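*Asks:* You'll find structure-v7.cif just under this line, and it carries mmCIF, N, CA, C and O atoms.
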data_final
loop_
_atom_site.label_atom_id
_atom_site.label_comp_id
_atom_site.auth_asym_id
_atom_site.auth_seq_id
_atom_site.Cartn_x
_atom_site.Cartn_y
_atom_site.Cartn_z
N MET A 1 140.30 174.88 121.00
CA MET A 1 139.58 173.92 120.23
C MET A 1 139.79 172.50 120.72
O MET A 1 138.97 171.64 120.48
N ALA A 2 140.80 172.25 121.43
CA ALA A 2 141.09 170.92 121.93
C ALA A 2 140.05 170.48 122.95
O ALA A 2 139.77 169.32 123.08
N LYS A 3 139.46 171.47 123.68
CA LYS A 3 138.44 171.13 124.67
C LYS A 3 137.17 170.62 124.00
O LYS A 3 136.52 169.72 124.50
N THR A 4 136.78 171.15 122.89
CA THR A 4 135.54 170.74 122.24
C THR A 4 135.68 169.39 121.53
O THR A 4 134.71 168.67 121.38
N ASP A 5 136.88 169.02 121.10
CA ASP A 5 137.08 167.73 120.43
C ASP A 5 136.91 166.56 121.39
O ASP A 5 136.38 165.51 121.03
N LYS A 6 137.32 166.72 122.61
CA LYS A 6 137.27 165.61 123.57
C LYS A 6 135.83 165.20 123.90
O LYS A 6 135.51 164.03 123.87
N PRO A 7 134.91 166.10 124.21
CA PRO A 7 133.54 165.68 124.48
C PRO A 7 132.85 165.08 123.25
O PRO A 7 132.07 164.15 123.37
N VAL A 8 133.12 165.59 122.08
CA VAL A 8 132.52 165.04 120.86
C VAL A 8 133.03 163.62 120.64
O VAL A 8 132.28 162.72 120.30
N ARG A 9 134.31 163.45 120.87
CA ARG A 9 134.90 162.13 120.71
C ARG A 9 134.34 161.15 121.74
O ARG A 9 134.08 159.99 121.42
N LEU A 10 134.15 161.59 122.95
CA LEU A 10 133.59 160.75 124.01
C LEU A 10 132.16 160.38 123.67
O LEU A 10 131.74 159.24 123.85
N HIS A 11 131.40 161.33 123.18
CA HIS A 11 130.02 161.09 122.78
C HIS A 11 129.94 160.09 121.62
O HIS A 11 129.10 159.20 121.60
N ALA A 12 130.85 160.18 120.66
CA ALA A 12 130.88 159.27 119.51
C ALA A 12 131.24 157.86 119.96
O ALA A 12 130.68 156.87 119.47
N SER A 13 132.17 157.73 120.89
CA SER A 13 132.55 156.40 121.36
C SER A 13 131.41 155.75 122.15
O SER A 13 131.22 154.54 122.09
N ARG A 14 130.60 156.57 122.86
CA ARG A 14 129.43 156.03 123.55
C ARG A 14 128.40 155.53 122.55
O ARG A 14 127.77 154.50 122.76
N ASP A 15 128.22 156.26 121.46
CA ASP A 15 127.27 155.84 120.42
C ASP A 15 127.70 154.52 119.79
O ASP A 15 126.89 153.62 119.57
N VAL A 16 129.00 154.42 119.51
CA VAL A 16 129.53 153.17 118.93
C VAL A 16 129.33 152.03 119.91
O VAL A 16 128.92 150.93 119.54
N LEU A 17 129.62 152.26 121.18
CA LEU A 17 129.44 151.23 122.20
C LEU A 17 127.97 150.83 122.32
O LEU A 17 127.66 149.64 122.42
N ALA A 18 127.08 151.79 122.25
CA ALA A 18 125.65 151.50 122.33
C ALA A 18 125.20 150.65 121.14
O ALA A 18 124.44 149.69 121.30
N VAL A 19 125.69 150.99 119.96
CA VAL A 19 125.34 150.21 118.76
C VAL A 19 125.88 148.79 118.88
O VAL A 19 125.18 147.82 118.57
N ILE A 20 127.10 148.66 119.33
CA ILE A 20 127.70 147.32 119.51
C ILE A 20 126.89 146.51 120.51
O ILE A 20 126.61 145.33 120.29
N LEU A 21 126.50 147.13 121.62
CA LEU A 21 125.70 146.42 122.63
C LEU A 21 124.33 146.02 122.08
O LEU A 21 123.85 144.91 122.34
N ILE A 22 123.69 146.89 121.33
CA ILE A 22 122.38 146.56 120.74
C ILE A 22 122.50 145.40 119.76
O ILE A 22 121.69 144.47 119.78
N VAL A 23 123.53 145.43 118.93
CA VAL A 23 123.76 144.33 117.98
C VAL A 23 124.03 143.03 118.74
O VAL A 23 123.50 141.97 118.38
N ALA A 24 124.81 143.10 119.80
CA ALA A 24 125.11 141.90 120.59
C ALA A 24 123.84 141.35 121.24
O ALA A 24 123.63 140.14 121.26
N ILE A 25 123.00 142.23 121.75
CA ILE A 25 121.75 141.79 122.37
C ILE A 25 120.83 141.15 121.34
O ILE A 25 120.22 140.10 121.58
N LEU A 26 120.74 141.76 120.16
CA LEU A 26 119.90 141.19 119.09
C LEU A 26 120.43 139.82 118.64
O LEU A 26 119.65 138.88 118.46
N LEU A 27 121.73 139.72 118.48
CA LEU A 27 122.32 138.44 118.08
C LEU A 27 122.09 137.37 119.16
O LEU A 27 121.80 136.22 118.85
N SER A 28 122.22 137.77 120.41
CA SER A 28 121.97 136.84 121.51
C SER A 28 120.52 136.37 121.51
O SER A 28 120.23 135.19 121.71
N GLY A 29 119.59 137.28 121.25
CA GLY A 29 118.17 136.92 121.18
C GLY A 29 117.89 135.98 120.03
O GLY A 29 117.15 134.99 120.18
N LEU A 30 118.48 136.26 118.87
CA LEU A 30 118.29 135.38 117.71
C LEU A 30 118.87 133.99 117.97
O LEU A 30 118.28 132.97 117.61
N PHE A 31 120.04 133.94 118.60
CA PHE A 31 120.65 132.65 118.94
C PHE A 31 119.78 131.87 119.92
O PHE A 31 119.62 130.66 119.80
N THR A 32 119.20 132.58 120.89
CA THR A 32 118.32 131.93 121.87
C THR A 32 117.07 131.35 121.18
O THR A 32 116.66 130.22 121.46
N ILE A 33 116.49 132.10 120.25
CA ILE A 33 115.32 131.61 119.51
C ILE A 33 115.70 130.38 118.68
O ILE A 33 114.97 129.38 118.67
N ARG A 34 116.86 130.44 118.02
CA ARG A 34 117.31 129.30 117.20
C ARG A 34 117.50 128.07 118.09
O ARG A 34 117.10 126.97 117.73
N GLN A 35 118.12 128.23 119.23
CA GLN A 35 118.36 127.11 120.14
C GLN A 35 117.03 126.53 120.66
O GLN A 35 116.91 125.33 120.85
N SER A 36 116.04 127.38 120.85
CA SER A 36 114.73 126.90 121.29
C SER A 36 114.10 126.01 120.23
O SER A 36 113.53 124.96 120.55
N PHE A 37 114.21 126.41 118.97
CA PHE A 37 113.67 125.58 117.90
C PHE A 37 114.44 124.27 117.76
O PHE A 37 113.84 123.21 117.53
N VAL A 38 115.75 124.32 117.91
CA VAL A 38 116.55 123.09 117.84
C VAL A 38 116.15 122.16 118.98
O VAL A 38 115.99 120.94 118.78
N ARG A 39 115.97 122.70 120.17
CA ARG A 39 115.57 121.88 121.32
C ARG A 39 114.19 121.27 121.10
O ARG A 39 113.96 120.10 121.40
N LEU A 40 113.27 122.04 120.53
CA LEU A 40 111.93 121.53 120.25
C LEU A 40 111.98 120.40 119.21
O LEU A 40 111.33 119.37 119.38
N ASP A 41 112.78 120.58 118.16
CA ASP A 41 112.94 119.51 117.16
C ASP A 41 113.54 118.26 117.78
O ASP A 41 113.11 117.14 117.49
N THR A 42 114.54 118.45 118.62
CA THR A 42 115.18 117.30 119.28
C THR A 42 114.19 116.58 120.19
O THR A 42 114.13 115.35 120.21
N TYR A 43 113.38 117.33 120.93
CA TYR A 43 112.40 116.72 121.83
C TYR A 43 111.33 115.97 121.02
O TYR A 43 110.93 114.87 121.40
N THR A 44 110.91 116.54 119.89
CA THR A 44 109.92 115.88 119.05
C THR A 44 110.49 114.57 118.50
O THR A 44 109.81 113.54 118.50
N HIS A 45 111.73 114.60 118.07
CA HIS A 45 112.38 113.39 117.55
C HIS A 45 112.51 112.34 118.65
O HIS A 45 112.28 111.15 118.41
N LEU A 46 112.88 112.78 119.84
CA LEU A 46 113.00 111.85 120.98
C LEU A 46 111.65 111.20 121.28
O LEU A 46 111.58 109.99 121.53
N THR A 47 110.59 111.97 121.25
CA THR A 47 109.25 111.44 121.51
C THR A 47 108.88 110.39 120.46
O THR A 47 108.34 109.33 120.79
N GLU A 48 109.18 110.68 119.18
CA GLU A 48 108.90 109.72 118.12
C GLU A 48 109.70 108.44 118.32
O GLU A 48 109.18 107.33 118.12
N LEU A 49 110.96 108.57 118.71
CA LEU A 49 111.79 107.39 118.95
C LEU A 49 111.28 106.57 120.13
O LEU A 49 111.32 105.33 120.10
N ARG A 50 110.79 107.24 121.17
CA ARG A 50 110.24 106.50 122.31
C ARG A 50 108.99 105.73 121.91
O ARG A 50 108.79 104.59 122.35
N LEU A 51 108.14 106.34 121.09
CA LEU A 51 106.95 105.64 120.61
C LEU A 51 107.33 104.44 119.75
O LEU A 51 106.74 103.36 119.87
N GLN A 52 108.33 104.61 118.91
CA GLN A 52 108.80 103.50 118.09
C GLN A 52 109.38 102.39 118.96
O GLN A 52 109.15 101.21 118.71
N GLN A 53 110.11 102.77 120.00
CA GLN A 53 110.67 101.79 120.92
C GLN A 53 109.55 101.01 121.61
O GLN A 53 109.64 99.78 121.74
N ASP A 54 108.50 101.69 122.02
CA ASP A 54 107.37 101.01 122.66
C ASP A 54 106.72 100.02 121.69
O ASP A 54 106.37 98.90 122.09
N ARG A 55 106.55 100.43 120.43
CA ARG A 55 105.97 99.51 119.43
C ARG A 55 106.87 98.30 119.21
O ARG A 55 106.40 97.17 119.12
N GLU A 56 108.18 98.54 119.14
CA GLU A 56 109.12 97.44 118.92
C GLU A 56 109.15 96.49 120.12
O GLU A 56 109.20 95.27 119.94
N LEU A 57 109.10 97.04 121.32
CA LEU A 57 109.07 96.18 122.51
C LEU A 57 107.78 95.35 122.56
O LEU A 57 107.79 94.18 122.96
N SER A 58 106.68 95.95 122.17
CA SER A 58 105.41 95.23 122.12
C SER A 58 105.48 94.09 121.11
O SER A 58 105.05 92.97 121.40
N GLU A 59 106.03 94.36 119.94
CA GLU A 59 106.19 93.33 118.91
C GLU A 59 107.13 92.22 119.39
O GLU A 59 106.87 91.04 119.19
N TYR A 60 108.22 92.61 120.05
CA TYR A 60 109.17 91.63 120.57
C TYR A 60 108.50 90.72 121.61
O TYR A 60 108.67 89.50 121.59
N THR A 61 107.71 91.32 122.50
CA THR A 61 107.01 90.53 123.51
C THR A 61 106.02 89.57 122.86
O THR A 61 105.93 88.40 123.24
N ARG A 62 105.30 90.05 121.84
CA ARG A 62 104.36 89.19 121.13
C ARG A 62 105.08 88.03 120.46
O ARG A 62 104.63 86.89 120.51
N LEU A 63 106.24 88.31 119.88
CA LEU A 63 107.00 87.25 119.23
C LEU A 63 107.55 86.24 120.24
O LEU A 63 107.59 85.03 119.96
N LEU A 64 107.95 86.71 121.40
CA LEU A 64 108.40 85.78 122.44
C LEU A 64 107.27 84.86 122.89
O LEU A 64 107.47 83.66 123.09
N ILE A 65 106.08 85.44 123.05
CA ILE A 65 104.92 84.62 123.45
C ILE A 65 104.61 83.60 122.36
O ILE A 65 104.34 82.42 122.65
N GLU A 66 104.66 84.03 121.12
CA GLU A 66 104.39 83.12 120.01
C GLU A 66 105.45 82.01 119.96
O GLU A 66 105.13 80.84 119.73
N LYS A 67 106.69 82.37 120.19
CA LYS A 67 107.77 81.37 120.20
C LYS A 67 107.54 80.34 121.30
O LYS A 67 107.70 79.14 121.08
N GLU A 68 107.16 80.82 122.48
CA GLU A 68 106.89 79.90 123.58
C GLU A 68 105.72 78.98 123.27
O GLU A 68 105.75 77.79 123.59
N SER A 69 104.69 79.52 122.67
CA SER A 69 103.53 78.67 122.36
C SER A 69 103.89 77.63 121.31
O SER A 69 103.43 76.48 121.38
N LEU A 70 104.71 78.00 120.33
CA LEU A 70 105.13 77.02 119.32
C LEU A 70 106.04 75.97 119.92
O LEU A 70 105.93 74.78 119.57
N SER A 71 106.93 76.36 120.82
CA SER A 71 107.82 75.37 121.43
C SER A 71 107.03 74.46 122.36
O SER A 71 107.32 73.26 122.43
N SER A 72 106.01 74.97 123.04
CA SER A 72 105.21 74.09 123.90
C SER A 72 104.39 73.13 123.05
O SER A 72 104.20 71.98 123.42
N TYR A 73 103.93 73.58 121.87
CA TYR A 73 103.22 72.68 120.96
C TYR A 73 104.14 71.57 120.49
O TYR A 73 103.75 70.40 120.45
N ALA A 74 105.39 71.92 120.17
CA ALA A 74 106.36 70.91 119.74
C ALA A 74 106.65 69.92 120.85
O ALA A 74 106.79 68.72 120.61
N LEU A 75 106.72 70.40 122.10
CA LEU A 75 106.96 69.50 123.24
C LEU A 75 105.79 68.55 123.43
O LEU A 75 105.97 67.35 123.66
N VAL A 76 104.57 69.06 123.34
CA VAL A 76 103.38 68.20 123.47
C VAL A 76 103.36 67.16 122.36
O VAL A 76 103.08 65.98 122.60
N LEU A 77 103.66 67.58 121.14
CA LEU A 77 103.66 66.67 120.01
C LEU A 77 104.72 65.58 120.18
O LEU A 77 104.44 64.40 119.96
N SER A 78 105.92 65.95 120.63
CA SER A 78 106.97 64.94 120.81
C SER A 78 106.63 64.00 121.96
O SER A 78 106.90 62.79 121.89
N ASP A 79 106.03 64.50 123.04
CA ASP A 79 105.62 63.63 124.15
C ASP A 79 104.53 62.66 123.70
O ASP A 79 104.55 61.48 124.06
N ALA A 80 103.59 63.15 122.91
CA ALA A 80 102.51 62.27 122.42
C ALA A 80 103.07 61.19 121.52
O ALA A 80 102.67 60.02 121.63
N GLU A 81 103.99 61.54 120.64
CA GLU A 81 104.59 60.52 119.76
C GLU A 81 105.42 59.53 120.56
O GLU A 81 105.46 58.35 120.24
N ALA A 82 106.08 60.00 121.64
CA ALA A 82 106.87 59.10 122.49
C ALA A 82 105.97 58.10 123.20
O ALA A 82 106.37 56.98 123.49
N GLN A 83 104.73 58.49 123.46
CA GLN A 83 103.78 57.59 124.12
C GLN A 83 103.02 56.73 123.13
O GLN A 83 102.13 55.99 123.50
N GLY A 84 103.38 56.84 121.86
CA GLY A 84 102.77 55.99 120.86
C GLY A 84 101.50 56.56 120.25
O GLY A 84 100.80 55.86 119.52
N MET A 85 101.19 57.77 120.53
CA MET A 85 99.99 58.38 119.95
C MET A 85 100.29 58.81 118.52
O MET A 85 101.43 59.09 118.17
N VAL A 86 99.25 58.87 117.73
CA VAL A 86 99.41 59.25 116.33
C VAL A 86 98.54 60.47 116.06
O VAL A 86 97.40 60.55 116.52
N HIS A 87 99.07 61.38 115.28
CA HIS A 87 98.33 62.59 114.92
C HIS A 87 97.16 62.19 114.03
O HIS A 87 97.31 61.37 113.13
N PRO A 88 95.98 62.75 114.25
CA PRO A 88 94.80 62.34 113.48
C PRO A 88 94.98 62.48 111.96
O PRO A 88 94.44 61.69 111.21
N GLU A 89 95.74 63.42 111.52
CA GLU A 89 95.94 63.58 110.09
C GLU A 89 96.75 62.44 109.50
O GLU A 89 96.68 62.16 108.31
N LYS A 90 97.53 61.74 110.32
CA LYS A 90 98.35 60.64 109.84
C LYS A 90 97.58 59.32 109.82
O LYS A 90 98.08 58.33 109.28
N LEU A 91 96.42 59.29 110.43
CA LEU A 91 95.60 58.07 110.41
C LEU A 91 94.99 57.89 109.03
O LEU A 91 94.61 58.85 108.37
N LYS A 92 94.87 56.65 108.62
CA LYS A 92 94.21 56.36 107.36
C LYS A 92 92.71 56.37 107.58
O LYS A 92 92.22 55.90 108.60
N ALA A 93 92.03 56.88 106.61
CA ALA A 93 90.57 56.90 106.71
C ALA A 93 90.06 55.46 106.60
O ALA A 93 90.58 54.68 105.80
N PRO A 94 89.09 55.07 107.42
CA PRO A 94 88.56 53.70 107.33
C PRO A 94 87.88 53.49 105.96
O PRO A 94 87.32 54.40 105.38
N ALA A 95 88.00 52.27 105.48
CA ALA A 95 87.41 51.94 104.17
C ALA A 95 85.89 52.02 104.28
O ALA A 95 85.29 51.49 105.21
N GLN A 96 85.30 52.73 103.34
CA GLN A 96 83.84 52.87 103.35
C GLN A 96 83.22 51.63 102.72
O GLN A 96 83.76 51.05 101.80
N GLU A 97 82.13 51.21 103.29
CA GLU A 97 81.45 50.01 102.78
C GLU A 97 80.78 50.35 101.46
O GLU A 97 80.12 51.35 101.33
N VAL A 98 80.95 49.45 100.52
CA VAL A 98 80.35 49.63 99.20
C VAL A 98 79.05 48.86 99.14
O VAL A 98 78.96 47.73 99.60
N GLY A 99 78.02 49.43 98.55
CA GLY A 99 76.76 48.73 98.37
C GLY A 99 75.76 48.99 99.45
O GLY A 99 74.75 48.34 99.53
N HIS A 100 76.00 49.79 100.31
CA HIS A 100 75.03 50.08 101.37
C HIS A 100 74.18 51.19 101.04
O HIS A 100 74.08 52.11 100.52
#
In structure tokens, write the structure found in this file.

*Replies:*
Amino acid sequence: MAKTDKPVRLHASRDVLAVILIVAILLSGLFTIRQSFVRLDTYTHLTELRLQQDRELSEYTRLLIEKESLSSYALVLSDAEAQGMVHPEKLKAPAQEVGH
């Protein structure tokens, strides 16, 4: 009877090994699918951040241009005042003739 126990035992251990390998393969496949979704989410988030960065850089450039134009206006205004020029809004309106 000892001869028949050994092949049955060997066959049972192969079945257990096969089940373990199938479970390992399934778990590996599920982990791979999960990692693919995580990578896709990360890539989508990165794309959104890049678009936001482009918008922020565009706004920053616009603000720099606006700052330069305001500072050049201030320079022109100070040069004009240094030369004795007066801003038209600061001039008094000429007296209108009465009775005409």

*Asks:* So which residues of chain A fall under helix (DSSP H, G or I) by DSSP, listed as a PyMOL selection string?

*Replies:* chain A and resi 2-82+88-90

*Asks:* One decimal, in Å: what's the spacing between CA of Ala74 (chain A) and CA of His87 (chain A)?

*Replies:*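 Between CA of Ala74 (chain A) and CA of His87 (chain A) the gap is 12.5 Å.
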
*Asks:* CA of Ala18 (chain A) and atom N of Leu30 (chain A) are how many Å apart?

*Replies:*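 Here the two named atoms are 17.2 Å from each other.
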
*Asks:* Between atom N of Ile22 (chain A) and atom C of Arg9 (chain A), what distance in Å does the model show, to one decimal?

*Replies:*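 A separation of 17.8 Å between them.
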
*Asks:* Since the input has fewer atoms than a full residue there, write region 77-88 of chain A out with all heavy atoms, as a PDB file, keeping the file's coordinate frame.

*Replies:*
ATOM      1  N   LEU A  77     103.660  67.580 121.140  1.00  0.00           N
ATOM      2  CA  LEU A  77     103.660  66.670 120.010  1.00  0.00           C
ATOM      3  C   LEU A  77     104.720  65.580 120.180  1.00  0.00           C
ATOM      4  O   LEU A  77     104.440  64.400 119.960  1.00  0.00           O
ATOM      5  CB  LEU A  77     103.916  67.446 118.725  1.00  0.00           C
ATOM      6  CG  LEU A  77     103.753  66.697 117.422  1.00  0.00           C
ATOM      7  CD1 LEU A  77     102.321  66.178 117.281  1.00  0.00           C
ATOM      8  CD2 LEU A  77     104.101  67.591 116.245  1.00  0.00           C
ATOM      9  N   SER A  78     105.920  65.950 120.630  1.00  0.00           N
ATOM     10  CA  SER A  78     106.970  64.940 120.810  1.00  0.00           C
ATOM     11  C   SER A  78     106.630  64.000 121.960  1.00  0.00           C
ATOM     12  O   SER A  78     106.900  62.790 121.890  1.00  0.00           O
ATOM     13  CB  SER A  78     108.332  65.602 121.017  1.00  0.00           C
ATOM     14  OG  SER A  78     108.356  66.312 122.234  1.00  0.00           O
ATOM     15  N   ASP A  79     106.030  64.500 123.040  1.00  0.00           N
ATOM     16  CA  ASP A  79     105.620  63.630 124.150  1.00  0.00           C
ATOM     17  C   ASP A  79     104.530  62.660 123.700  1.00  0.00           C
ATOM     18  O   ASP A  79     104.550  61.480 124.060  1.00  0.00           O
ATOM     19  CB  ASP A  79     105.098  64.463 125.333  1.00  0.00           C
ATOM     20  CG  ASP A  79     106.219  65.081 126.145  1.00  0.00           C
ATOM     21  OD1 ASP A  79     107.383  64.681 125.952  1.00  0.00           O
ATOM     22  OD2 ASP A  79     105.924  65.969 126.971  1.00  0.00           O
ATOM     23  N   ALA A  80     103.590  63.150 122.910  1.00  0.00           N
ATOM     24  CA  ALA A  80     102.510  62.270 122.420  1.00  0.00           C
ATOM     25  C   ALA A  80     103.070  61.190 121.520  1.00  0.00           C
ATOM     26  O   ALA A  80     102.670  60.020 121.630  1.00  0.00           O
ATOM     27  CB  ALA A  80     101.479  63.110 121.668  1.00  0.00           C
ATOM     28  N   GLU A  81     103.990  61.540 120.640  1.00  0.00           N
ATOM     29  CA  GLU A  81     104.590  60.520 119.760  1.00  0.00           C
ATOM     30  C   GLU A  81     105.420  59.530 120.560  1.00  0.00           C
ATOM     31  O   GLU A  81     105.460  58.350 120.240  1.00  0.00           O
ATOM     32  CB  GLU A  81     105.441  61.211 118.683  1.00  0.00           C
ATOM     33  CG  GLU A  81     104.604  61.919 117.635  1.00  0.00           C
ATOM     34  CD  GLU A  81     105.443  62.706 116.636  1.00  0.00           C
ATOM     35  OE1 GLU A  81     106.678  62.822 116.839  1.00  0.00           O
ATOM     36  OE2 GLU A  81     104.859  63.218 115.667  1.00  0.00           O
ATOM     37  N   ALA A  82     106.080  60.000 121.640  1.00  0.00           N
ATOM     38  CA  ALA A  82     106.870  59.100 122.490  1.00  0.00           C
ATOM     39  C   ALA A  82     105.970  58.100 123.200  1.00  0.00           C
ATOM     40  O   ALA A  82     106.370  56.980 123.490  1.00  0.00           O
ATOM     41  CB  ALA A  82     107.674  59.913 123.493  1.00  0.00           C
ATOM     42  N   GLN A  83     104.730  58.490 123.460  1.00  0.00           N
ATOM     43  CA  GLN A  83     103.780  57.590 124.120  1.00  0.00           C
ATOM     44  C   GLN A  83     103.020  56.730 123.130  1.00  0.00           C
ATOM     45  O   GLN A  83     102.130  55.990 123.500  1.00  0.00           O
ATOM     46  CB  GLN A  83     102.790  58.407 124.951  1.00  0.00           C
ATOM     47  CG  GLN A  83     103.435  59.107 126.134  1.00  0.00           C
ATOM     48  CD  GLN A  83     102.445  59.954 126.923  1.00  0.00           C
ATOM     49  OE1 GLN A  83     101.243  59.859 126.730  1.00  0.00           O
ATOM     50  NE2 GLN A  83     102.972  60.788 127.805  1.00  0.00           N
ATOM     51  N   GLY A  84     103.380  56.840 121.860  1.00  0.00           N
ATOM     52  CA  GLY A  84     102.770  55.990 120.860  1.00  0.00           C
ATOM     53  C   GLY A  84     101.500  56.560 120.250  1.00  0.00           C
ATOM     54  O   GLY A  84     100.800  55.860 119.520  1.00  0.00           O
ATOM     55  N   MET A  85     101.190  57.770 120.530  1.00  0.00           N
ATOM     56  CA  MET A  85      99.990  58.380 119.950  1.00  0.00           C
ATOM     57  C   MET A  85     100.290  58.810 118.520  1.00  0.00           C
ATOM     58  O   MET A  85     101.430  59.090 118.170  1.00  0.00           O
ATOM     59  CB  MET A  85      99.541  59.571 120.783  1.00  0.00           C
ATOM     60  CG  MET A  85      99.140  59.227 122.183  1.00  0.00           C
ATOM     61  SD  MET A  85      98.638  60.719 123.047  1.00  0.00           S
ATOM     62  CE  MET A  85      98.328  60.066 124.654  1.00  0.00           C
ATOM     63  N   VAL A  86      99.250  58.870 117.730  1.00  0.00           N
ATOM     64  CA  VAL A  86      99.410  59.250 116.330  1.00  0.00           C
ATOM     65  C   VAL A  86      98.540  60.470 116.060  1.00  0.00           C
ATOM     66  O   VAL A  86      97.400  60.550 116.520  1.00  0.00           O
ATOM     67  CB  VAL A  86      98.985  58.080 115.402  1.00  0.00           C
ATOM     68  CG1 VAL A  86      99.137  58.468 113.949  1.00  0.00           C
ATOM     69  CG2 VAL A  86      99.797  56.835 115.726  1.00  0.00           C
ATOM     70  N   HIS A  87      99.070  61.380 115.280  1.00  0.00           N
ATOM     71  CA  HIS A  87      98.330  62.590 114.920  1.00  0.00           C
ATOM     72  C   HIS A  87      97.160  62.190 114.030  1.00  0.00           C
ATOM     73  O   HIS A  87      97.310  61.370 113.130  1.00  0.00           O
ATOM     74  CB  HIS A  87      99.255  63.566 114.185  1.00  0.00           C
ATOM     75  CG  HIS A  87      98.718  64.955 114.140  1.00  0.00           C
ATOM     76  ND1 HIS A  87      97.775  65.351 113.243  1.00  0.00           N
ATOM     77  CD2 HIS A  87      98.987  66.053 114.902  1.00  0.00           C
ATOM     78  CE1 HIS A  87      97.482  66.618 113.422  1.00  0.00           C
ATOM     79  NE2 HIS A  87      98.209  67.074 114.432  1.00  0.00           N
ATOM     80  N   PRO A  88      95.980  62.750 114.250  1.00  0.00           N
ATOM     81  CA  PRO A  88      94.800  62.340 113.480  1.00  0.00           C
ATOM     82  C   PRO A  88      94.980  62.480 111.960  1.00  0.00           C
ATOM     83  O   PRO A  88      94.440  61.690 111.210  1.00  0.00           O
ATOM     84  CB  PRO A  88      93.706  63.282 113.964  1.00  0.00           C
ATOM     85  CG  PRO A  88      94.152  63.747 115.295  1.00  0.00           C
ATOM     86  CD  PRO A  88      95.649  63.717 115.272  1.00  0.00           C
TER      87      PRO A  88
END
